[in-house]
Amino acid sequence: MTLSKKNQKLLLDAYDGMKSMVEESKRKEIEKLYKPIDVKTTYQELLAKFTKYELDHIRQNWEFKGISHLKKGELVDTLSSRIQNNLSEWFGVLNREQFDLVGKIIENGGIIENNFADERLIRYYHQRGVMFSGSYDGSSILIMPEELLEISKELLLSEEIRDKIRVNEEILNVSKGLLLYYGVVTYYELYKKLENLISIEVGMYEYLLLLREYMNYNPSVLQRKSYYYLSDVAEPEEIIEEQMRRENLDYYPVTKQMAKSAGKKGHIDWNLVQKNFQKYLMQTHGLTNKEVEILTKSCVNNINSNKSFNEQISFLQKYIKLDSLEQVQELAGYLQQFHNHTRQWTIKGHTPNELATREKKFLKPLSEKVIGSANETIKTAKILPLRKKKKIGRNELCPCGSGKKYKKCCGR
């Protein structure tokens with residue numbers, strides 16, 4: 001069905017109107033985050049600047065029971081008291097980055113310049129009711145009120161808290177690493193794998209609380225139904241279904257060191273084939289180490305997102321210049337090897353090459369009919385038009401798939 005020109009215009013106008021509304025809403029929200037703030041304001045006065053809805057959100061994040069019926073003034077007083085009394089609980093679920101930020105703000109007397117490129121992080125601290133943003137003396141700042149500052153100083157020096165932060169960081173890195181290998185994992189499966197890898201006693205409830213806090217702070221890990229998955233996973237249900245179909249296939253055995261390394265780096269260690277692919281991109285197409293790193297991550301995500309071979313070639317042609325059919329074929333050869341040696345979520349962290357080697361003895365030789373059909377497919381395969389290398393603009397979306405602008409992600 002083809003829309004008339006009138007209906008097409010109405011649809012475009014509606015889209016533009018919606019886009020303008022979203023942009024205006026975002027502008028107002030950012031303005032609110034950077035309103036002038038008095039650095040000597042008391043904790044209760046800072047909380048009172050929130051709406052009743054925002055205060056309820058803070059209450060829910062702390063899981064405070066029995067106070068949802070309170071009016072705004074009463075809720076401010078109660079939250080001020082309870083958060084101070086329960087601040088150690090929040091410290092107990094912090095990761096290293098958050099803990100270091102608290103240390104920095106304490107060192108600077110409760111005030112630091114706000115250098116966050118992502119307003120989401122500021123919202124996180126607002127929604128916990130522990131730090132507040134605003135503008136002061138021409139600068140954007142983040143403050144912790146005096147009442148919380150004194151308590152935080154003691155907690156920061158606590159060996160028990162410091163040990164807890166070290167444990168949290170290890171748990172999070174190993175968990176993120178496992179998800180990088182498997183893409184999607186159920187709560188129970190992820191917890192059992194963690195238990196087998198880390199010689200630290202942590203209850204499942206405590207573990208889920210830690211992951212929830214991390215997800216509130218960093219959306220690289222997401223939750224749906226009964227499983228966790230990476231933000232790079234477009235269709236987690238499909239990955240789970242594919243994994244369940246392979247009930248006789250065990251998950252690829254990941255060691256603690258492998259998972260920890262992947263969690264820290266944000267990707268599984270590159271194997272020899274992937275390093276050869278990177279070397280080819282640098283030597284043949286003059287890409288930098290940083291550009292190659294970005295494209296390698298993107299290729300892994302494309303493979304795990306079940307992009308077709310043509311789509312993968314087309315993606316790479318946006319960033320590298322191909323002058324001949326021979327260069328297209330050379331790239332295709334490298335990409336095929338890359339695909340076969342990449343750990344894939346649908347096959348539980350194995351590579352196609354590993355499974356093919358393991359199952360080779362069970363395979364029957366291909367018939368002449370199948371071989372002839374394959375040869376004909378190669379002869380008639382569509383060759384993509386040659387494209388010139390495209391430089392990644394600083395305001396374009398980062399090709400790593402994070403959803404952020406290049407200048408705020410890998411282009412820093």
# chains A, B, ... in the order shown; residues from 1 in each chain; ligands from 1
$ residues_around --residues "segment 333-342 of chain A" --least-positions-apart "3" --cutoff "7 Å" --atoms "only C-alpha atoms" --output "number ranges by chain"
A: 273-274, 277, 300, 303, 329-330, 351-353
$ write_last_selection --atoms "N, CA, C and O atoms" --output "JSON list (two decimals), in the first residue's frame"
[["chain", "number", "residue", "atom", "x", "y", "z"],
["A", 273, "VAL", "N", 43.65, -15.29, 14.69],
["A", 273, "VAL", "CA", 42.95, -14.96, 13.44],
["A", 273, "VAL", "C", 42.45, -13.51, 13.48],
["A", 273, "VAL", "O", 42.55, -12.77, 12.50],
["A", 274, "GLN", "N", 41.89, -13.10, 14.63],
["A", 274, "GLN", "CA", 41.38, -11.73, 14.75],
["A", 274, "GLN", "C", 42.53, -10.71, 14.72],
["A", 274, "GLN", "O", 42.39, -9.63, 14.15],
["A", 277, "PHE", "N", 43.52, -10.25, 11.18],
["A", 277, "PHE", "CA", 42.53, -9.37, 10.54],
["A", 277, "PHE", "C", 42.86, -7.91, 10.84],
["A", 277, "PHE", "O", 42.81, -7.05, 9.95],
["A", 300, "VAL", "N", 32.60, -8.32, 15.61],
["A", 300, "VAL", "CA", 32.15, -9.34, 16.55],
["A", 300, "VAL", "C", 30.66, -9.16, 16.84],
["A", 300, "VAL", "O", 29.88, -10.13, 16.84],
["A", 303, "ILE", "N", 28.53, -10.21, 13.83],
["A", 303, "ILE", "CA", 28.44, -11.67, 13.72],
["A", 303, "ILE", "C", 27.44, -12.21, 14.73],
["A", 303, "ILE", "O", 26.58, -13.04, 14.41],
["A", 329, "GLN", "N", 37.64, -9.50, -2.62],
["A", 329, "GLN", "CA", 37.77, -10.94, -2.36],
["A", 329, "GLN", "C", 38.74, -11.20, -1.21],
["A", 329, "GLN", "O", 38.54, -12.10, -0.40],
["A", 330, "GLU", "N", 39.81, -10.40, -1.14],
["A", 330, "GLU", "CA", 40.77, -10.55, -0.04],
["A", 330, "GLU", "C", 40.10, -10.25, 1.29],
["A", 330, "GLU", "O", 40.25, -10.99, 2.27],
["A", 351, "THR", "N", 33.32, -21.29, 19.08],
["A", 351, "THR", "CA", 33.48, -20.77, 17.72],
["A", 351, "THR", "C", 32.97, -21.82, 16.75],
["A", 351, "THR", "O", 33.00, -23.02, 17.06],
["A", 352, "PRO", "N", 32.50, -21.42, 15.56],
["A", 352, "PRO", "CA", 32.07, -22.40, 14.56],
["A", 352, "PRO", "C", 33.19, -23.38, 14.22],
["A", 352, "PRO", "O", 32.94, -24.57, 14.00],
["A", 353, "ASN", "N", 34.42, -22.90, 14.21],
["A", 353, "ASN", "CA", 35.56, -23.76, 13.89],
["A", 353, "ASN", "C", 35.73, -24.87, 14.93],
["A", 353, "ASN", "O", 36.02, -26.02, 14.61]]
$ atom_distance --atom1 "atom CA of Glu89 of chain A" --atom2 "atom CA of Asp38 of chain A"
27.8 Å
$ atom_distance --atom1 "atom CA of Ser139 of chain A" --atom2 "atom CA of Arg123 of chain A"
18.2 Å
$ closest_residue --among "A:Ser158, A:Asn304, A:Ser133, A:Ser324" --to "Gly92 of chain A" --atoms "only C-alpha atoms"
A:Ser158
$ residues_around --residues "Leu211 of chain A" --least-positions-apart "6" --cutoff "9 Å" --atoms "only C-alpha atoms" --output "number ranges by chain"
A: 93, 172, 175, 221
$ select_by_dssp --residues "segment 33-228 of chain A" --states "alpha helix (DSSP H)" --output "PyMOL selection string"
chain A and resi 33+43-48+52-62+72-85+87-91+96-107+119-128+146-157+159-182+187-197+204-217
$ decode --residues "segment 132-189 of chain A" --atoms "C-alpha atoms" --output "short mmCIF file (atom, residue, chain, number, x, y, z; two decimals), in the first residue's frame"
data_model
loop_
_atom_site.label_atom_id
_atom_site.label_comp_id
_atom_site.auth_asym_id
_atom_site.auth_seq_id
_atom_site.Cartn_x
_atom_site.Cartn_y
_atom_site.Cartn_z
CA PHE A 132 23.37 16.78 43.66
CA SER A 133 24.29 18.68 40.48
CA GLY A 134 23.99 22.35 39.69
CA SER A 135 25.87 25.45 38.60
CA TYR A 136 27.98 27.57 40.94
CA ASP A 137 30.21 30.51 40.15
CA GLY A 138 29.96 29.80 36.42
CA SER A 139 30.90 26.13 36.70
CA SER A 140 28.92 22.90 36.59
CA ILE A 141 29.42 21.08 39.89
CA LEU A 142 28.47 17.96 41.81
CA ILE A 143 28.13 18.19 45.58
CA MET A 144 27.63 15.88 48.54
CA PRO A 145 25.90 17.59 51.49
CA GLU A 146 27.82 17.98 54.74
CA GLU A 147 25.57 15.54 56.60
CA LEU A 148 26.47 12.68 54.22
CA LEU A 149 30.06 13.82 53.83
CA GLU A 150 30.98 13.14 57.46
CA ILE A 151 29.49 9.64 57.39
CA SER A 152 31.14 8.89 54.04
CA LYS A 153 34.58 9.87 55.38
CA GLU A 154 34.37 7.13 58.01
CA LEU A 155 33.07 4.56 55.52
CA LEU A 156 35.81 5.41 53.04
CA LEU A 157 38.47 4.51 55.62
CA SER A 158 36.76 1.27 56.69
CA GLU A 159 38.81 -1.81 55.77
CA GLU A 160 35.60 -3.83 55.70
CA ILE A 161 34.13 -1.49 53.08
CA ARG A 162 37.36 -1.46 51.05
CA ASP A 163 37.42 -5.28 51.03
CA LYS A 164 33.79 -5.26 49.94
CA ILE A 165 34.57 -2.92 47.03
CA ARG A 166 37.39 -5.24 45.88
CA VAL A 167 35.02 -8.21 45.99
CA ASN A 168 32.31 -6.26 44.14
CA GLU A 169 34.73 -5.27 41.40
CA GLU A 170 35.87 -8.85 40.89
CA ILE A 171 32.29 -10.15 40.83
CA LEU A 172 31.22 -7.52 38.31
CA ASN A 173 34.21 -8.05 36.02
CA VAL A 174 33.75 -11.82 35.98
CA SER A 175 29.98 -11.45 35.42
CA LYS A 176 30.48 -9.00 32.54
CA GLY A 177 33.14 -11.30 31.09
CA LEU A 178 30.78 -14.29 31.16
CA LEU A 179 28.13 -12.24 29.38
CA LEU A 180 30.66 -11.25 26.72
CA TYR A 181 31.20 -14.96 26.02
CA TYR A 182 27.54 -16.03 26.17
CA GLY A 183 25.55 -12.85 25.39
CA VAL A 184 22.50 -13.88 27.41
CA VAL A 185 22.47 -15.93 30.63
CA THR A 186 19.69 -16.73 33.12
CA TYR A 187 20.03 -15.43 36.70
CA TYR A 188 20.57 -18.90 38.07
CA GLU A 189 23.08 -19.99 35.40
#
